[in-house]
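Q: What follows is a structure written as structure tokens; I'll ask about it next.
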Amino acid sequence: MNCSVKIDIRGIVQGVGFRPFVYNLARQYYLLGYVRNDASGVSIEVEGEKSRIEKFIAKIKTESPPLADIFEIKSYDIEPGGYDDFIMG
């Protein structure tokens, strides 16, 4: 079953290779959407199979770049954005 999730990540996640890590992970799990920096961290929207999104979030928590330090991850369901690729903004 496909779903769409918005993920907000706060912490030391800018300038440490976090967005490329998320991009490659999303491609690995065949997810669509985007990752970009925002004022307080990193913002991600993903669409795909629910089980793949769950694995994606788990890997972000356990395998993020060594210099990253995640303070908080919030995720919530959203309406599908109709993405046809995963992009790094």
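Labels used: A, B, ... for chains in the order of the structure tokens, numbers from 1 for residues in each chain, and numbers from 1 for ligands as shown.
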Can you pull out every residue within 10 Å of Phe71 (chain A), counting only C-alpha atoms, but drop anything in the same chain fewer than 4 positions away, and send it as an MDAnalysis selection string?

A: chainID A and resid 9:13 41

Q: Only C-alpha atoms, please: the residues just picked out, written as a PDB file, in the first residue's frame.

A:
ATOM      1  CA  ILE A   9      14.525  16.370  11.245  1.00  0.00           C
ATOM      2  CA  ARG A  10      16.143  18.723  13.731  1.00  0.00           C
ATOM      3  CA  GLY A  11      19.737  18.663  14.910  1.00  0.00           C
ATOM      4  CA  ILE A  12      23.167  18.895  13.354  1.00  0.00           C
ATOM      5  CA  VAL A  13      22.123  17.818   9.878  1.00  0.00           C
ATOM      6  CA  GLY A  41      17.037  21.303   9.950  1.00  0.00           C
TER       7      GLY A  41
END

Q: Excluding region 53-70 of chain A and any residue of its chain fewer than 3 positions from it, enumerate the residues within 9 Å of it, using only C-alpha atoms, and give them as a list in words.

A: Cys3, Ser4, Val5, Ile7, Ile9, Arg10, Gly11, Ile12, Val13, Gln14, Gly15, Val16, Gly17, Phe18, Phe21, Val22, Leu25, Ala26, Gln28, Tyr29, Leu31, Val46, Glu47, Gly48, Glu49, Lys50, Ile73 and Ser75 of chain A

Q: Rank A:Tyr30, A:Glu45, A:Pro20, A:Lys74 by their smallest atom-to-atom distance to Asp8 (chain A), using only C-alpha atoms, and report the top residue only.

A: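 So, comparing all the options, the nearest one is A:Lys74.
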
Q: Could you give me the residues within chain A that DSSP places in strand (DSSP E), as a PyMOL selection string?

A: chain A and resi 2-12+32-38+41-49+69-77+86-88

Q: Quick one: DSSP helix (DSSP H, G or I) residues in region 28-72 of chain A, as a PyMOL selection string?

A: chain A and resi 28+50-63

Q: Those residues with N, CA and C atoms, as a PDB file, in the first residue's frame please?

A:
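Saved the output as selection_15.pdb:
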ATOM      1  N   GLN A  28      17.486   3.956  -2.882  1.00  0.00           N
ATOM      2  CA  GLN A  28      17.652   2.540  -2.541  1.00  0.00           C
ATOM      3  C   GLN A  28      16.294   1.879  -2.269  1.00  0.00           C
ATOM      4  N   LYS A  50       4.383   1.679   2.232  1.00  0.00           N
ATOM      5  CA  LYS A  50       4.479   1.984   3.662  1.00  0.00           C
ATOM      6  C   LYS A  50       5.658   1.257   4.313  1.00  0.00           C
ATOM      7  N   SER A  51       5.858  -0.004   3.979  1.00  0.00           N
ATOM      8  CA  SER A  51       6.951  -0.771   4.597  1.00  0.00           C
ATOM      9  C   SER A  51       8.313  -0.201   4.213  1.00  0.00           C
ATOM     10  N   ARG A  52       8.441   0.284   2.990  1.00  0.00           N
ATOM     11  CA  ARG A  52       9.710   0.887   2.556  1.00  0.00           C
ATOM     12  C   ARG A  52       9.959   2.214   3.270  1.00  0.00           C
ATOM     13  N   ILE A  53       8.905   2.991   3.460  1.00  0.00           N
ATOM     14  CA  ILE A  53       9.051   4.258   4.176  1.00  0.00           C
ATOM     15  C   ILE A  53       9.458   3.994   5.622  1.00  0.00           C
ATOM     16  N   GLU A  54       8.868   2.986   6.241  1.00  0.00           N
ATOM     17  CA  GLU A  54       9.232   2.645   7.620  1.00  0.00           C
ATOM     18  C   GLU A  54      10.703   2.246   7.716  1.00  0.00           C
ATOM     19  N   LYS A  55      11.179   1.451   6.762  1.00  0.00           N
ATOM     20  CA  LYS A  55      12.594   1.051   6.743  1.00  0.00           C
ATOM     21  C   LYS A  55      13.490   2.258   6.501  1.00  0.00           C
ATOM     22  N   PHE A  56      13.072   3.147   5.604  1.00  0.00           N
ATOM     23  CA  PHE A  56      13.786   4.377   5.291  1.00  0.00           C
ATOM     24  C   PHE A  56      13.988   5.225   6.551  1.00  0.00           C
ATOM     25  N   ILE A  57      12.918   5.428   7.311  1.00  0.00           N
ATOM     26  CA  ILE A  57      12.998   6.227   8.540  1.00  0.00           C
ATOM     27  C   ILE A  57      13.900   5.538   9.561  1.00  0.00           C
ATOM     28  N   ALA A  58      13.787   4.231   9.680  1.00  0.00           N
ATOM     29  CA  ALA A  58      14.632   3.488  10.628  1.00  0.00           C
ATOM     30  C   ALA A  58      16.109   3.641  10.279  1.00  0.00           C
ATOM     31  N   LYS A  59      16.439   3.581   8.985  1.00  0.00           N
ATOM     32  CA  LYS A  59      17.838   3.725   8.551  1.00  0.00           C
ATOM     33  C   LYS A  59      18.345   5.143   8.797  1.00  0.00           C
ATOM     34  N   ILE A  60      17.492   6.138   8.621  1.00  0.00           N
ATOM     35  CA  ILE A  60      17.897   7.519   8.924  1.00  0.00           C
ATOM     36  C   ILE A  60      18.319   7.607  10.386  1.00  0.00           C
ATOM     37  N   LYS A  61      17.561   6.963  11.258  1.00  0.00           N
ATOM     38  CA  LYS A  61      17.852   7.017  12.699  1.00  0.00           C
ATOM     39  C   LYS A  61      19.138   6.276  13.055  1.00  0.00           C
ATOM     40  N   THR A  62      19.418   5.167  12.369  1.00  0.00           N
ATOM     41  CA  THR A  62      20.534   4.308  12.782  1.00  0.00           C
ATOM     42  C   THR A  62      21.794   4.441  11.947  1.00  0.00           C
ATOM     43  N   GLU A  63      21.692   4.983  10.722  1.00  0.00           N
ATOM     44  CA  GLU A  63      22.850   4.986   9.826  1.00  0.00           C
ATOM     45  C   GLU A  63      23.186   6.350   9.242  1.00  0.00           C
TER      46      GLU A  63
END

Q: Between CA of Glu72 (chain A) and CA of Gly33 (chain A), what is the distance, to one decimal in Å?

A: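 Between CA of Glu72 (chain A) and CA of Gly33 (chain A) the gap is 20.6 Å.
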
Q: Between A:Lys6, A:Asp38, A:Asn24, A:Met1, which one has atoms that come closest to Ile87 (chain A), using only C-alpha atoms?

A: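 Selected residue with least distance to Ile87 (chain A): A:Asn24.
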
Q: For a test of reading the model, state the distance in Å between CA of Tyr34 (chain A) and CA of Glu79 (chain A), rounded to one decimal.

A: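 CA of Glu79 (chain A) lies at a distance of 14.5 Å from CA of Tyr34 (chain A).
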
Q: Which value, in Å to one decimal, gives the distance between CA of Phe86 (chain A) and CA of Arg36 (chain A)?

A: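 It comes out at 11.1 Å.
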